[in-house]
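**Q** Before I ask anything, here is the structure I am working with.
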Amino acid sequence: PKTKVTALPGDGIGPEVMAATIRILDAAGAPIEWEYAEAGAEAFKKGVITGVPRETLDSISTNKLALKSPLETPIGYGGKSANVTMRKFFELYANIRPVRELPGITTPFSGRGIDMVIVRENVEDVYAGIEHMQTTTVAQCLKLMTAPGCERIIRAAYGLAQAEERKGVTVATKANIMKLTEGMMKRMGEKVAAEFPDIKPGHIIIDNCAHQLVIKPEAFDVIVTSNMNGDIISDLAAGLVGGLGIAPSSNLGDHAAMFEAVHGSAPDIAGKGLANPTALLSASIMLLRHIAAFDVAEKVEQALFITLAEGKNLTGDLAPRGHGVGTAAFTDQVIANLGRS
Ligand code: NAI
Ligand code: MG
């Protein structure tokens, strides 16, 4: 039986990387039936103020799963960010960012065995966007954290550690300074840890975490942290293994899960057939594992790794200058490598 998944082709290079990803998944025999839906620029231009039409929300509500391309943040038209609309509507409170070395992608950190997952709280903290001018010269922003909000993100981290048979969970906070908000996350970490005797609990102050991520990144396994801390260290960590251009992520809630690339709509190369689909493809591999299609996930991942390691058909962002191929040639090569090991 096939699982229905809402596919959001999105803006800029979105439709190109989505078509490439779906072509590879279909060729690999992924047990997925795609339901296409609109969000982002097109919706804004039709006057949908949230950037996400009702039919799209309905599709995701029903399927509970979405693969999403980048959506451009409106400037000069429409209203808010369609990304934020969906994150809030479906209460996608856990942003999961795996960070590990990919074959064929050389960085100053290559060969150290970096393999971690950053679990970022996605709806609370200063990103609740509650700020105001207290006087004409004093601005104030509320850092909002709740016990249930801390508890569910810590549980998401431990659940992930358990599912992936990882050894440790490190809670990263600024509890030494913000004893009530960040302290709540730290204490919740200690409380939940007691239920998972097989997983090694840890705590680290967030600035030292940033330092250790650069000094000894291979020492980290699962890191869980509040929204703003996570925003910063997840980008830092992605930089250790080749950058945002190849990084995937998932946004998980109790009622829906959305998988996406970390990069944006790349308007500078949109419509030219040059985009690298690796990040969205990697997100789709996370989706396959989420629906327990482990064999297909493995097959697609192998084909991607072989293609990257061979290095013959890489897109311009990864290839040596002047040697890049287009999205279609890269995609063809991944498909040709399906079933190889
Ligand atoms: P961007 O990630 O779109 O582009 C930054 C640079 O990376 C550009 O030079 C681009 O060509 C390159 N790049 C990005 N993805 C690539 C790919 N797959 N293959 C090859 N090259 C790639 O970041 P930027 O320019 O800041 O944002 C553009 C738009 O995307 C904005 O409207 C922004 O709001 C939106 N955005 C949406 C996100 C989402 O939907 N989750 C995330 C980030 C940005
Ligand atoms: Mg960010």
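We label chains A, B, ... in the order they appear in the structure tokens, count residues from 1 in each chain, and number ligands from 1 in the order shown.
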Could you pull the residues within 7 Å of Val117 of chain A, counting only C-alpha atoms, minus those fewer than 3 positions along the same chain, as a list of chain:residue names?
**A**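 The contact residues come out as A:Ile96, A:Arg97, A:Pro98, A:Val99, A:Asp221, A:Val222, A:Ile223.
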**Q** Skip segment 159-175 of chain A itself and residues of its chain fewer than 6 positions away, then list as a list in words all residues within 7 Å of it, counting only C-alpha atoms.
**A** Glu182, Gly183, Lys186, Gly189, Ile199, Lys200, Pro201, Gly202, His203, Ile204, Ile205, Ile206, Cys209, Asp221, Val222, Ile223, Val224 and Thr225 of chain A
**Q** Check which residues fall inside 12 Å of ligand 2 when counting only C-alpha atoms and all ligand atoms, and print them as a list in words.
**A**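 For ligand 2, the residues inside 12 Å are Asn95, Arg97, Arg120, Asn122, Tyr127, Asn227, Met228, Asn229, Gly230, Asp231, Ile232, Ile233, Ser234, Asp235, Leu236, Ala237, Ala238, Leu244, Ala247, Ser249, Ala261, Val262, His263 and Gly264 of chain A.
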**Q** Those same residues - C-alpha atoms - I'd like them written as a JSON list (two decimals), in the first residue's frame.
**A**
[["chain", "number", "residue", "atom", "x", "y", "z"],
["A", 95, "ASN", "CA", 13.15, 20.95, 13.95],
["A", 97, "ARG", "CA", 18.79, 18.71, 11.55],
["A", 120, "ARG", "CA", 15.82, 22.56, 17.85],
["A", 122, "ASN", "CA", 10.69, 25.43, 16.80],
["A", 127, "TYR", "CA", 10.76, 33.52, 18.19],
["A", 227, "ASN", "CA", 14.80, 27.94, 19.41],
["A", 228, "MET", "CA", 17.39, 30.70, 19.05],
["A", 229, "ASN", "CA", 20.32, 28.61, 20.34],
["A", 230, "GLY", "CA", 19.30, 25.91, 17.87],
["A", 231, "ASP", "CA", 18.97, 28.33, 14.98],
["A", 232, "ILE", "CA", 22.57, 29.40, 15.43],
["A", 233, "ILE", "CA", 24.32, 26.13, 16.27],
["A", 234, "SER", "CA", 22.46, 24.13, 13.60],
["A", 235, "ASP", "CA", 23.79, 26.48, 10.91],
["A", 236, "LEU", "CA", 27.25, 26.30, 12.47],
["A", 237, "ALA", "CA", 27.12, 22.50, 12.50],
["A", 238, "ALA", "CA", 25.92, 22.35, 8.87],
["A", 244, "LEU", "CA", 23.57, 24.75, 4.12],
["A", 247, "ALA", "CA", 21.58, 20.08, 4.55],
["A", 249, "SER", "CA", 15.73, 18.91, 7.93],
["A", 261, "ALA", "CA", 15.97, 21.33, 2.44],
["A", 262, "VAL", "CA", 17.58, 23.94, 4.64],
["A", 263, "HIS", "CA", 18.49, 26.21, 1.72],
["A", 264, "GLY", "CA", 16.21, 28.80, 0.15]]
**Q** Please give the complete set of residues from segment 92-319 of chain A that DSSP, run on the backbone, assigns to alpha helix (DSSP H), formatted as a PyMOL selection string.
**A** chain A and resi 147-163+181-193+206-215+227-240+278-290+294-310
**Q** For the atom pair atom CA of Phe89 of chain A and atom CA of Ile32 of chain A, what is the interatomic distance in Å to one decimal place?
**A**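 Computing the Euclidean distance for atom CA of Phe89 of chain A and atom CA of Ile32 of chain A yields 24.0 Å.
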**Q** Can you pull out every residue with an atom within 10 Å of ligand 1? Use only C-alpha atoms and all ligand atoms and format it as an mmCIF file with C-alpha atoms, in the first residue's frame.
**A**
data_model
loop_
_atom_site.group_PDB
_atom_site.id
_atom_site.type_symbol
_atom_site.label_atom_id
_atom_site.label_comp_id
_atom_site.auth_asym_id
_atom_site.auth_seq_id
_atom_site.Cartn_x
_atom_site.Cartn_y
_atom_site.Cartn_z
ATOM 1 C CA GLY A 10 7.427 25.877 -3.965
ATOM 2 C CA ASP A 11 9.357 28.797 -5.435
ATOM 3 C CA GLY A 12 12.551 29.533 -7.358
ATOM 4 C CA ILE A 13 14.547 26.318 -7.778
ATOM 5 C CA GLY A 14 11.844 24.507 -5.754
ATOM 6 C CA GLU A 16 13.320 21.770 -10.208
ATOM 7 C CA VAL A 17 14.655 20.050 -7.078
ATOM 8 C CA GLY A 40 4.347 30.476 -1.382
ATOM 9 C CA ALA A 41 4.647 33.111 -4.101
ATOM 10 C CA LYS A 68 8.340 20.871 0.899
ATOM 11 C CA SER A 69 10.558 22.884 -1.431
ATOM 12 C CA PRO A 70 11.806 26.323 -0.408
ATOM 13 C CA LEU A 71 9.237 29.102 -0.340
ATOM 14 C CA GLU A 72 10.390 32.652 -0.852
ATOM 15 C CA THR A 73 9.644 35.075 1.924
ATOM 16 C CA PRO A 74 7.432 37.798 0.469
ATOM 17 C CA ILE A 75 8.948 41.217 0.057
ATOM 18 C CA SER A 81 6.014 33.830 5.674
ATOM 19 C CA ALA A 82 4.221 30.749 4.349
ATOM 20 C CA ASN A 83 6.822 28.664 6.187
ATOM 21 C CA VAL A 84 5.894 30.240 9.510
ATOM 22 C CA GLY A 243 27.237 23.916 4.243
ATOM 23 C CA LEU A 244 23.566 24.751 4.117
ATOM 24 C CA GLY A 245 23.271 23.843 0.429
ATOM 25 C CA ILE A 246 23.274 20.110 1.130
ATOM 26 C CA ALA A 247 21.578 20.077 4.549
ATOM 27 C CA SER A 249 15.734 18.908 7.934
ATOM 28 C CA PHE A 259 10.505 17.448 5.371
ATOM 29 C CA GLU A 260 12.570 20.063 3.555
ATOM 30 C CA ALA A 261 15.965 21.327 2.435
ATOM 31 C CA VAL A 262 17.577 23.942 4.644
ATOM 32 C CA HIS A 263 18.494 26.210 1.723
ATOM 33 C CA GLY A 264 16.213 28.797 0.147
ATOM 34 C CA SER A 265 14.720 29.308 -3.303
ATOM 35 C CA ALA A 266 18.047 30.416 -4.890
ATOM 36 C CA PRO A 267 16.511 33.032 -7.220
ATOM 37 C CA ASP A 268 19.943 33.610 -8.827
ATOM 38 C CA ILE A 269 19.905 30.168 -10.487
ATOM 39 C CA ALA A 270 16.146 29.469 -10.639
ATOM 40 C CA GLY A 273 18.414 23.651 -14.583
ATOM 41 C CA LEU A 274 21.490 24.132 -12.392
ATOM 42 C CA ALA A 275 20.152 23.476 -8.887
ATOM 43 C CA ASN A 276 21.569 20.716 -6.705
ATOM 44 C CA PRO A 277 18.732 18.470 -5.480
ATOM 45 C CA THR A 278 20.893 16.787 -2.781
ATOM 46 C CA ALA A 279 19.351 18.602 0.189
ATOM 47 C CA LEU A 280 15.734 17.897 -0.766
ATOM 48 C CA THR A 315 26.210 20.222 -9.913
ATOM 49 C CA GLY A 316 28.069 23.522 -10.102
ATOM 50 C CA ASP A 317 27.905 24.244 -6.370
ATOM 51 C CA LEU A 318 29.976 21.098 -5.615
ATOM 52 C CA GLY A 326 22.888 20.317 -14.638
ATOM 53 C CA THR A 327 20.151 19.055 -12.312
#
**Q** Extract, using only C-alpha atoms, all DNA, RNA and protein residues at most 10 Å from Glu195 of chain A, discarding same-chain residues fewer than 5 positions from it, and format them as a list in words.
**A**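 Residues near the query, excluding close chain neighbours: Arg155, Tyr158 and Glu190 of chain A.
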**Q** Going by DSSP on the backbone, which bits of segment 76-196 of chain A are strand (DSSP E or B)? Write them as a PyMOL selection string, please.
**A** chain A and resi 94-100+115-121+125+131-135+138-141+144+168-173
**Q** Would you save the residues from that selection as a PDB file, in the first residue's frame, using C-alpha atoms?
**A**
ATOM      1  CA  ALA A  94      10.649  19.938  16.613  1.00  0.00           C
ATOM      2  CA  ASN A  95      13.153  20.949  13.952  1.00  0.00           C
ATOM      3  CA  ILE A  96      15.500  18.027  13.304  1.00  0.00           C
ATOM      4  CA  ARG A  97      18.795  18.714  11.553  1.00  0.00           C
ATOM      5  CA  PRO A  98      21.110  15.750  11.001  1.00  0.00           C
ATOM      6  CA  VAL A  99      24.744  16.711  10.469  1.00  0.00           C
ATOM      7  CA  ARG A 100      27.203  14.204   9.114  1.00  0.00           C
ATOM      8  CA  ASP A 115      27.605  12.312  12.898  1.00  0.00           C
ATOM      9  CA  MET A 116      25.170  14.209  15.055  1.00  0.00           C
ATOM     10  CA  VAL A 117      21.580  15.389  15.114  1.00  0.00           C
ATOM     11  CA  ILE A 118      20.506  18.798  16.320  1.00  0.00           C
ATOM     12  CA  VAL A 119      17.006  18.964  17.752  1.00  0.00           C
ATOM     13  CA  ARG A 120      15.818  22.563  17.853  1.00  0.00           C
ATOM     14  CA  GLU A 121      12.646  23.757  19.576  1.00  0.00           C
ATOM     15  CA  ASP A 125      11.501  31.221  22.904  1.00  0.00           C
ATOM     16  CA  GLU A 131       8.038  42.384  21.184  1.00  0.00           C
ATOM     17  CA  HIS A 132       7.162  46.012  21.628  1.00  0.00           C
ATOM     18  CA  MET A 133       8.583  49.473  22.214  1.00  0.00           C
ATOM     19  CA  GLN A 134       8.395  50.073  25.942  1.00  0.00           C
ATOM     20  CA  THR A 135       9.313  53.723  25.489  1.00  0.00           C
ATOM     21  CA  VAL A 138      13.540  51.001  24.839  1.00  0.00           C
ATOM     22  CA  ALA A 139      12.509  47.874  22.945  1.00  0.00           C
ATOM     23  CA  GLN A 140      11.470  44.691  24.703  1.00  0.00           C
ATOM     24  CA  CYS A 141      11.129  41.121  23.451  1.00  0.00           C
ATOM     25  CA  LEU A 144       8.583  32.619  26.231  1.00  0.00           C
ATOM     26  CA  GLY A 168      23.856  10.306  24.217  1.00  0.00           C
ATOM     27  CA  VAL A 169      21.625  13.369  24.446  1.00  0.00           C
ATOM     28  CA  THR A 170      23.187  16.714  25.350  1.00  0.00           C
ATOM     29  CA  VAL A 171      20.915  19.547  26.445  1.00  0.00           C
ATOM     30  CA  ALA A 172      22.495  22.878  25.455  1.00  0.00           C
ATOM     31  CA  THR A 173      21.268  25.942  27.348  1.00  0.00           C
TER      32      THR A 173
END
**Q** Using only C-alpha atoms, find each residue of segment 246-322 of chain A with at least one atom at most 12 Å away from an atom of segment 56-61 of chain A; report its shortest atom-to-atom pair and that distance in Å (one decimal), sort the rows by chain and rising residue number, and return the result as CSV.
**A**
residue,atom,partner,partner_atom,distance
A:Gly253,CA,A:Ser61,CA,11.6
A:Asp254,CA,A:Ser61,CA,11.6
A:His255,CA,A:Ser61,CA,7.9
A:Ala256,CA,A:Ser61,CA,7.1
A:Ala257,CA,A:Ile60,CA,8.9
A:Met258,CA,A:Ile60,CA,8.9
A:Phe259,CA,A:Ile60,CA,12.0
**Q** Please provide as a ChimeraX atom specification all residues within 9 Å of Ala7 of chain A, with the sequence filter that same-chain residues fewer than 4 positions apart are discarded (counting only C-alpha atoms).
**A** /A:18,34-38,65-69
**Q** From the options A:Val300, A:Tyr93, A:Leu25, A:Met286, which residue's atoms come nearest to Gly339 of chain A, counting only C-alpha atoms?
**A**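 Smallest separation from Gly339 of chain A among the options: A:Val300.
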**Q** Using atom CA of Ile285 of chain A and atom CA of Pro248 of chain A as the two end points, give the distance in Å to one decimal.
**A**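 Going from atom CA of Ile285 of chain A over to atom CA of Pro248 of chain A, I get 9.3 Å.
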**Q** Excluding Glu33 of chain A and any residue of its chain fewer than 6 positions from it, enumerate the residues within 6 Å of it, using only C-alpha atoms, and give them as a list in words.
**A**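 Close residues of Glu33 of chain A: Lys2, Thr3 and Lys4 of chain A.
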**Q** Quick one: of A:Leu314, A:Pro320, A:Val192, A:Ile114, who's nearest to Asp332 of chain A, counting only C-alpha atoms?
**A**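 Checking each candidate against Asp332 of chain A, we get A:Leu314 as the closest.
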